[in-house]
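Note: the block below is query-v9.pdb and it holds PDB, C-alpha atoms, pLDDT in the B column.
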```
ATOM      1  CA  ALA A   1      90.240  81.576  83.061  1.00 58.00           C
ATOM      2  CA  GLN A   2      89.212  78.145  84.330  1.00 62.00           C
ATOM      3  CA  TYR A   3      90.881  76.553  81.310  1.00 60.00           C
ATOM      4  CA  ALA A   4      94.070  78.594  81.593  1.00 59.00           C
ATOM      5  CA  ARG A   5      94.913  78.283  85.281  1.00 61.00           C
ATOM      6  CA  PRO A   6      95.176  74.476  85.541  1.00 62.00           C
ATOM      7  CA  GLY A   7      97.100  74.382  82.252  1.00 66.00           C
ATOM      8  CA  PHE A   8      99.942  76.470  83.654  1.00 69.00           C
ATOM      9  CA  VAL A   9     100.404  74.220  86.665  1.00 70.00           C
ATOM     10  CA  GLU A  10     100.230  71.089  84.534  1.00 75.00           C
ATOM     11  CA  HIS A  11     102.791  72.470  82.102  1.00 74.00           C
ATOM     12  CA  VAL A  12     105.254  73.403  84.828  1.00 74.00           C
ATOM     13  CA  PHE A  13     104.924  69.898  86.307  1.00 79.00           C
ATOM     14  CA  GLU A  14     105.375  68.286  82.894  1.00 80.00           C
ATOM     15  CA  ALA A  15     108.438  70.397  82.073  1.00 79.00           C
ATOM     16  CA  GLY A  16     109.979  69.561  85.443  1.00 78.00           C
ATOM     17  CA  CYS A  17     109.413  65.836  84.787  1.00 83.00           C
ATOM     18  CA  VAL A  18     111.102  66.092  81.374  1.00 83.00           C
ATOM     19  CA  LEU A  19     114.078  67.861  82.894  1.00 81.00           C
ATOM     20  CA  VAL A  20     114.472  65.313  85.696  1.00 82.00           C
ATOM     21  CA  LEU A  21     113.942  62.373  83.330  1.00 82.00           C
ATOM     22  CA  SER A  22     116.617  63.600  80.935  1.00 81.00           C
ATOM     23  CA  LEU A  23     119.156  64.228  83.694  1.00 79.00           C
ATOM     24  CA  VAL A  24     118.541  60.919  85.459  1.00 81.00           C
ATOM     25  CA  THR A  25     118.662  58.934  82.206  1.00 81.00           C
ATOM     26  CA  ASP A  26     121.912  60.610  81.182  1.00 76.00           C
ATOM     27  CA  TRP A  27     123.381  59.810  84.594  1.00 78.00           C
ATOM     28  CA  LEU A  28     122.316  56.149  84.443  1.00 79.00           C
ATOM     29  CA  VAL A  29     123.649  55.608  80.916  1.00 77.00           C
ATOM     30  CA  ALA A  30     127.431  55.719  81.083  1.00 66.00           C
ATOM     31  CA  ARG A  31     128.007  56.339  77.379  1.00 70.00           C
ATOM     32  CA  ARG A  32     126.365  58.347  74.638  1.00 69.00           C
ATOM     33  CA  VAL A  33     123.611  56.498  72.810  1.00 75.00           C
ATOM     34  CA  PRO A  34     122.657  58.327  69.581  1.00 78.00           C
ATOM     35  CA  THR A  35     119.115  56.958  69.545  1.00 80.00           C
ATOM     36  CA  LEU A  36     118.543  58.025  73.137  1.00 78.00           C
ATOM     37  CA  ASP A  37     119.953  61.482  72.421  1.00 77.00           C
ATOM     38  CA  VAL A  38     117.563  61.873  69.473  1.00 84.00           C
ATOM     39  CA  LEU A  39     114.618  60.862  71.649  1.00 83.00           C
ATOM     40  CA  HIS A  40     115.691  63.293  74.373  1.00 79.00           C
ATOM     41  CA  SER A  41     116.110  66.071  71.816  1.00 82.00           C
ATOM     42  CA  GLY A  42     112.623  65.441  70.452  1.00 85.00           C
ATOM     43  CA  LEU A  43     111.146  65.447  73.957  1.00 84.00           C
ATOM     44  CA  VAL A  44     112.909  68.714  74.797  1.00 83.00           C
ATOM     45  CA  ALA A  45     111.794  70.302  71.511  1.00 84.00           C
ATOM     46  CA  GLN A  46     108.169  69.364  72.236  1.00 85.00           C
ATOM     47  CA  THR A  47     108.463  70.825  75.735  1.00 83.00           C
ATOM     48  CA  VAL A  48     109.806  74.108  74.332  1.00 82.00           C
ATOM     49  CA  VAL A  49     106.847  74.274  71.921  1.00 84.00           C
ATOM     50  CA  MET A  50     104.464  73.601  74.813  1.00 81.00           C
ATOM     51  CA  THR A  51     106.179  76.341  76.810  1.00 79.00           C
ATOM     52  CA  TRP A  52     105.635  78.803  73.974  1.00 81.00           C
ATOM     53  CA  SER A  53     101.985  77.737  73.783  1.00 79.00           C
ATOM     54  CA  ALA A  54     101.624  78.289  77.537  1.00 78.00           C
ATOM     55  CA  VAL A  55     103.167  81.761  77.281  1.00 78.00           C
ATOM     56  CA  VAL A  56     100.782  82.699  74.444  1.00 79.00           C
ATOM     57  CA  ARG A  57      97.873  81.438  76.540  1.00 79.00           C
ATOM     58  CA  MET A  58      99.118  83.476  79.488  1.00 79.00           C
ATOM     59  CA  LEU A  59      99.283  86.609  77.328  1.00 79.00           C
ATOM     60  CA  ALA A  60      95.698  86.001  76.175  1.00 78.00           C
ATOM     61  CA  TYR A  61      94.612  85.523  79.782  1.00 78.00           C
ATOM     62  CA  THR A  62      96.298  88.704  81.034  1.00 79.00           C
ATOM     63  CA  SER A  63      94.978  90.781  78.137  1.00 77.00           C
ATOM     64  CA  GLU A  64      91.471  89.807  79.213  1.00 76.00           C
ATOM     65  CA  PHE A  65      91.766  89.828  83.014  1.00 77.00           C
ATOM     66  CA  GLY A  66      94.900  91.855  83.720  1.00 80.00           C
ATOM     67  CA  LEU A  67      98.143  90.951  85.444  1.00 84.00           C
ATOM     68  CA  SER A  68      98.535  89.233  88.788  1.00 85.00           C
ATOM     69  CA  GLU A  69     101.466  88.084  90.879  1.00 86.00           C
ATOM     70  CA  LEU A  70     100.735  84.486  89.920  1.00 81.00           C
ATOM     71  CA  ALA A  71     100.760  85.381  86.220  1.00 82.00           C
ATOM     72  CA  VAL A  72     104.053  87.284  86.439  1.00 87.00           C
ATOM     73  CA  TYR A  73     105.935  84.676  88.452  1.00 86.00           C
ATOM     74  CA  THR A  74     104.503  81.750  86.476  1.00 81.00           C
ATOM     75  CA  THR A  75     105.564  83.372  83.199  1.00 82.00           C
ATOM     76  CA  ALA A  76     109.041  84.015  84.592  1.00 85.00           C
ATOM     77  CA  PHE A  77     109.304  80.403  85.708  1.00 83.00           C
ATOM     78  CA  MET A  78     108.166  79.145  82.300  1.00 80.00           C
ATOM     79  CA  ALA A  79     110.831  81.295  80.654  1.00 83.00           C
ATOM     80  CA  TRP A  80     113.432  79.811  83.005  1.00 85.00           C
ATOM     81  CA  ILE A  81     112.206  76.300  82.154  1.00 82.00           C
ATOM     82  CA  ALA A  82     112.617  77.054  78.438  1.00 82.00           C
ATOM     83  CA  VAL A  83     116.185  78.218  79.070  1.00 87.00           C
ATOM     84  CA  MET A  84     116.837  75.002  81.023  1.00 85.00           C
ATOM     85  CA  MET A  85     115.635  72.954  78.058  1.00 83.00           C
ATOM     86  CA  VAL A  86     117.969  74.732  75.649  1.00 85.00           C
ATOM     87  CA  LEU A  87     120.801  74.422  78.166  1.00 87.00           C
ATOM     88  CA  LEU A  88     120.111  70.709  78.448  1.00 83.00           C
ATOM     89  CA  LEU A  89     120.540  70.302  74.710  1.00 82.00           C
ATOM     90  CA  ALA A  90     123.722  72.363  74.668  1.00 84.00           C
ATOM     91  CA  THR A  91     125.440  70.677  77.606  1.00 84.00           C
ATOM     92  CA  VAL A  92     124.118  67.358  78.929  1.00 78.00           C
ATOM     93  CA  LEU A  93     123.365  65.871  75.517  1.00 74.00           C
ATOM     94  CA  ARG A  94     126.859  66.883  74.378  1.00 77.00           C
ATOM     95  CA  SER A  95     128.618  65.193  77.320  1.00 75.00           C
ATOM     96  CA  ARG A  96     129.131  68.448  79.209  1.00 77.00           C
ATOM     97  CA  ARG A  97     127.061  67.680  82.294  1.00 73.00           C
ATOM     98  CA  ASP A  98     129.202  69.844  84.608  1.00 76.00           C
ATOM     99  CA  SER A  99     128.421  72.921  82.539  1.00 83.00           C
ATOM    100  CA  PHE A 100     124.674  72.389  82.999  1.00 83.00           C
ATOM    101  CA  ALA A 101     124.727  72.977  86.763  1.00 83.00           C
ATOM    102  CA  PHE A 102     126.710  76.199  86.389  1.00 87.00           C
ATOM    103  CA  GLY A 103     124.490  77.404  83.542  1.00 88.00           C
ATOM    104  CA  ALA A 104     121.335  76.628  85.524  1.00 86.00           C
ATOM    105  CA  PHE A 105     122.692  78.608  88.483  1.00 89.00           C
ATOM    106  CA  ILE A 106     123.554  81.623  86.305  1.00 91.00           C
ATOM    107  CA  ALA A 107     120.158  81.476  84.584  1.00 89.00           C
ATOM    108  CA  GLY A 108     118.453  81.412  87.990  1.00 88.00           C
ATOM    109  CA  ILE A 109     120.408  84.466  89.158  1.00 92.00           C
ATOM    110  CA  VAL A 110     119.575  86.329  85.940  1.00 92.00           C
ATOM    111  CA  ALA A 111     115.881  85.455  86.342  1.00 90.00           C
ATOM    112  CA  ILE A 112     115.821  86.754  89.925  1.00 91.00           C
ATOM    113  CA  LEU A 113     117.657  89.980  89.008  1.00 93.00           C
ATOM    114  CA  SER A 114     115.290  90.501  86.072  1.00 91.00           C
ATOM    115  CA  LEU A 115     112.270  90.199  88.357  1.00 91.00           C
ATOM    116  CA  VAL A 116     113.819  92.711  90.758  1.00 89.00           C
ATOM    117  CA  ALA A 117     114.498  95.084  87.864  1.00 90.00           C
ATOM    118  CA  ILE A 118     110.953  95.015  86.468  1.00 90.00           C
ATOM    119  CA  ASN A 119     109.431  95.411  89.965  1.00 90.00           C
ATOM    120  CA  PRO A 120     106.445  93.023  89.585  1.00 91.00           C
ATOM    121  CA  ASP A 121     104.013  94.770  91.949  1.00 90.00           C
ATOM    122  CA  ALA A 122     104.563  98.158  90.304  1.00 89.00           C
ATOM    123  CA  LEU A 123     104.201  96.583  86.861  1.00 90.00           C
ATOM    124  CA  ILE A 124     100.955  94.868  87.877  1.00 90.00           C
ATOM    125  CA  ALA A 125      99.476  98.105  89.230  1.00 88.00           C
ATOM    126  CA  GLN A 126     100.496 100.171  86.200  1.00 86.00           C
ATOM    127  CA  THR A 127      99.269  97.582  83.703  1.00 86.00           C
ATOM    128  CA  ASN A 128      95.909  96.946  85.361  1.00 85.00           C
ATOM    129  CA  LEU A 129      95.146 100.600  85.995  1.00 83.00           C
ATOM    130  CA  ALA A 130      95.922 101.405  82.350  1.00 80.00           C
ATOM    131  CA  ARG A 131      93.162  99.024  81.222  1.00 74.00           C
ATOM    132  CA  SER A 132      90.352 100.637  83.214  1.00 66.00           C
ATOM    133  CA  ASP A 133      88.131 100.644  80.108  1.00 67.00           C
ATOM    134  CA  SER A 134      88.264  96.851  79.733  1.00 67.00           C
ATOM    135  CA  PRO A 135      84.989  94.877  80.107  1.00 65.00           C
ATOM    136  CA  HIS A 136      86.172  93.444  83.419  1.00 65.00           C
ATOM    137  CA  GLY A 137      87.285  96.797  84.830  1.00 68.00           C
ATOM    138  CA  VAL A 138      90.034  97.147  87.427  1.00 74.00           C
ATOM    139  CA  ASP A 139      90.163  94.956  90.497  1.00 79.00           C
ATOM    140  CA  VAL A 140      91.185  97.722  92.879  1.00 79.00           C
ATOM    141  CA  ALA A 141      90.667  95.467  95.893  1.00 81.00           C
ATOM    142  CA  TYR A 142      93.392  93.166  94.556  1.00 83.00           C
ATOM    143  CA  LEU A 143      95.751  96.037  93.765  1.00 84.00           C
ATOM    144  CA  THR A 144      95.501  97.286  97.340  1.00 81.00           C
ATOM    145  CA  THR A 145      96.851  93.947  98.581  1.00 85.00           C
ATOM    146  CA  LEU A 146     100.135  94.447  96.724  1.00 86.00           C
ATOM    147  CA  SER A 147     103.282  95.649  98.458  1.00 85.00           C
ATOM    148  CA  VAL A 148     104.344  99.278  98.819  1.00 84.00           C
ATOM    149  CA  ASP A 149     106.098  98.960  95.443  1.00 87.00           C
ATOM    150  CA  ALA A 150     102.651  99.467  93.877  1.00 86.00           C
ATOM    151  CA  VAL A 151     101.821 102.625  95.861  1.00 86.00           C
ATOM    152  CA  PRO A 152     103.393 105.189  93.454  1.00 86.00           C
ATOM    153  CA  ALA A 153     101.366 103.759  90.558  1.00 84.00           C
ATOM    154  CA  LEU A 154      98.186 103.782  92.655  1.00 84.00           C
ATOM    155  CA  ALA A 155      98.836 107.373  93.724  1.00 84.00           C
ATOM    156  CA  ALA A 156      99.475 108.485  90.143  1.00 82.00           C
ATOM    157  CA  ALA A 157      96.210 106.928  88.975  1.00 79.00           C
ATOM    158  CA  ALA A 158      94.077 108.309  91.808  1.00 76.00           C
ATOM    159  CA  ASP A 159      93.550 111.738  90.210  1.00 74.00           C
ATOM    160  CA  SER A 160      92.463 110.493  86.792  1.00 73.00           C
ATOM    161  CA  ALA A 161      90.443 107.416  87.776  1.00 70.00           C
ATOM    162  CA  ASP A 162      86.678 107.196  87.612  1.00 71.00           C
ATOM    163  CA  PRO A 163      84.840 108.204  90.825  1.00 74.00           C
ATOM    164  CA  ALA A 164      84.305 104.680  92.151  1.00 73.00           C
ATOM    165  CA  THR A 165      87.895 103.607  91.499  1.00 74.00           C
ATOM    166  CA  GLN A 166      89.211 106.898  92.823  1.00 76.00           C
ATOM    167  CA  ARG A 167      87.331 106.480  96.088  1.00 81.00           C
ATOM    168  CA  MET A 168      88.771 103.012  96.644  1.00 81.00           C
ATOM    169  CA  LEU A 169      92.281 104.171  95.762  1.00 81.00           C
ATOM    170  CA  VAL A 170      92.119 107.157  98.094  1.00 81.00           C
ATOM    171  CA  GLU A 171      90.873 104.994 100.970  1.00 81.00           C
ATOM    172  CA  SER A 172      93.677 102.513 100.397  1.00 82.00           C
ATOM    173  CA  LEU A 173      96.332 105.223 100.114  1.00 81.00           C
ATOM    174  CA  ASP A 174      95.100 106.834 103.324  1.00 81.00           C
ATOM    175  CA  LEU A 175      95.627 103.543 105.128  1.00 81.00           C
ATOM    176  CA  VAL A 176      99.120 103.207 103.663  1.00 79.00           C
ATOM    177  CA  ARG A 177      99.961 106.780 104.635  1.00 78.00           C
ATOM    178  CA  SER A 178      98.773 106.202 108.200  1.00 78.00           C
ATOM    179  CA  ASP A 179     100.818 103.024 108.449  1.00 75.00           C
ATOM    180  CA  LEU A 180     103.957 104.696 107.101  1.00 74.00           C
ATOM    181  CA  LEU A 181     103.587 107.668 109.446  1.00 70.00           C
ATOM    182  CA  ARG A 182     102.934 105.408 112.422  1.00 70.00           C
ATOM    183  CA  HIS A 183     106.119 103.461 111.834  1.00 67.00           C
ATOM    184  CA  SER A 184     108.359 106.258 110.560  1.00 64.00           C
ATOM    185  CA  ASP A 185     109.448 107.232 114.077  1.00 60.00           C
ATOM    186  CA  THR A 186     110.324 103.678 115.070  1.00 62.00           C
ATOM    187  CA  TRP A 187     112.090 102.637 111.868  1.00 61.00           C
ATOM    188  CA  GLY A 188     115.830 103.067 112.057  1.00 63.00           C
ATOM    189  CA  TRP A 189     118.281 103.282 109.194  1.00 63.00           C
ATOM    190  CA  ARG A 190     118.437  99.481 109.057  1.00 67.00           C
ATOM    191  CA  SER A 191     114.721  99.354 108.212  1.00 68.00           C
ATOM    192  CA  TRP A 192     114.985 101.912 105.396  1.00 71.00           C
ATOM    193  CA  SER A 193     114.089 100.701 101.917  1.00 76.00           C
ATOM    194  CA  LEU A 194     113.770 102.381  98.542  1.00 79.00           C
ATOM    195  CA  ALA A 195     110.236 101.005  98.134  1.00 78.00           C
ATOM    196  CA  HIS A 196     109.026 102.598 101.387  1.00 75.00           C
ATOM    197  CA  HIS A 197     110.777 105.867 100.509  1.00 75.00           C
ATOM    198  CA  ARG A 198     109.112 106.035  97.092  1.00 81.00           C
ATOM    199  CA  ALA A 199     105.729 105.121  98.567  1.00 79.00           C
ATOM    200  CA  PHE A 200     105.993 107.824 101.232  1.00 75.00           C
ATOM    201  CA  GLU A 201     107.119 110.447  98.710  1.00 78.00           C
ATOM    202  CA  SER A 202     104.188 109.667  96.405  1.00 79.00           C
ATOM    203  CA  ILE A 203     101.501 110.103  99.095  1.00 76.00           C
ATOM    204  CA  HIS A 204     103.076 112.441 101.656  1.00 64.00           C
ATOM    205  CA  ASP A 205     100.809 115.385 100.733  1.00 58.00           C
TER     206      ASP A 205
END
```

Translate this file's structure into C-alpha cells.
Amino acid sequence: AQYARPGFVEHVFEAGCVLVLSLVTDWLVARRVPTLDVLHSGLVAQTVVMTWSAVVRMLAYTSEFGLSELAVYTTAFMAWIAVMMVLLLATVLRSRRDSFAFGAFIAGIVAILSLVAINPDALIAQTNLARSDSPHGVDVAYLTTLSVDAVPALAAAADSADPATQRMLVESLDLVRSDLLRHSDTWGWRSWSLAHHRAFESIHD
C-alpha cells in the first residue's frame, strides 16, 4: 500500500507533464519536424505503457485492500490520461491541433457520464462487502462515510453479514434513517433526489 499510493500520484504528475510538454513544443515549433514527432511519439508510447502498469498496480492494490473513492477516481483519471495520449498522437502530431481540444472535451464528458453511470459509492460498498472473507476484512467504518448512494448496498448486506459487521451496519443505517426522517418534512420537491429515494426505500422498515 505504501508503495502503490505515491506511485499513482507520481504517474499522474508525469503524464500531465508529458501532455503539457508535447502541446507547448508543438505550439512553439511552427512546422512539422519528423525527428521531433518521432521523439514525441516515443514519449507518449512510454507514458501509455506506464499508465497500463499503474492500472495493473491499482487492480492488485484493490484486490488486496478493497475499493475506495481515491482508487476509483484515480483509475478513471488514468484512463482519461491514456485517452489524451492517444488523442495527442491522432491529432496534434498530425497537424490537427484544433481537433485535440474538442476531443479532450468530449472525452472528459464521457468520463464524467461513465462515473455517474457506475455510481462509485454504490460500487465501492458492493465490492468491499462482497470480499468479507478477505484477510483484511471489511472496513465498515469507511463504508459508513460514503454518500447515501451506498445505503442500499449496506442495507442488503446487513442481514447476511457476520455479527460484528452486522452490528456496525445496523447502527449506521439507523443513523441514516433518522437523518432522512428528520429532513423528509422539510425537503421540498427541489431537494428530491433518486439517491435519497433509493436510500429511504431500502431502510424504511

Original post:
Using only C-alpha atoms, what residues lie at most 12 Å away from (107.4, 96.1, 86.5) (file coordinates), given as a PyMOL selection string?
Top reply: chain A and resi 67-69+72-73+114-128+149-150+153

**OP:** I would like the residues chosen by the PyMOL selection byres ((chain A and resi 163-171) around 12) on the shown file; could you give them as an MDAnalysis selection string?
**Re:** chainID A and resid 125 129 132:133 137:145 150:162 172:178 203

Original post:
A:Arg31, A:Arg131, A:Arg57, A:Arg182: which is nearest Thr74 (chain A), counting all atoms listed in the file?
Top reply: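 Closest residue, counting all atoms listed in the file: A:Arg57.
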
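When all atoms listed in the file are used to measure the gap to Ala101 (chain A), the shortest distance among A:Met78, A:Leu87, A:Leu113, A:Leu146 belongs to A:Leu87.
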
Please report, as lines of an AutoDock Vina configuration file, the centre and edge lengths in Å to one decimal of an axis-aligned box covering all listed atoms of region 147-151 of chain A with 8 Å per side.
```
center_x = 104.0
center_y = 99.1
center_z = 96.3
size_x = 20.3
size_y = 23.0
size_z = 20.9
```

Original post:
What does the distance between CA of Leu39 (chain A) and CA of Ile81 (chain A) come to in Å, to one decimal place?
Top reply: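 Atom-to-atom, CA of Leu39 (chain A) and CA of Ile81 (chain A) are spaced 18.8 Å apart.
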
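Using only C-alpha atoms, the smallest distance between any of A:Val33, A:Gly16, A:Val9, A:Met58 and Ala82 (chain A) comes from A:Gly16.
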
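In terms of minimum interatomic distance to Val18 (chain A), A:Met50 ranks closest within A:Ala76, A:Ala130, A:Met50, A:Ala199, counting only C-alpha atoms.
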
Subject >> Exercise: Ser41 (chain A) partners within 12 Å, all atoms listed in the file, chain neighbours under 6 positions left out, as a PyMOL selection string >> reply: chain A and resi 18-19+22+34-35+47-48+85-94

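In this structure, CA of His11 (chain A) sits 7.4 Å away from CA of Thr51 (chain A).
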
Subject >> Atomic separation - CA of Met84 (chain A) relative to CA of Ala15 (chain A), Å >> reply: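 Between CA of Ala15 (chain A) and CA of Met84 (chain A) the gap works out to 9.6 Å.
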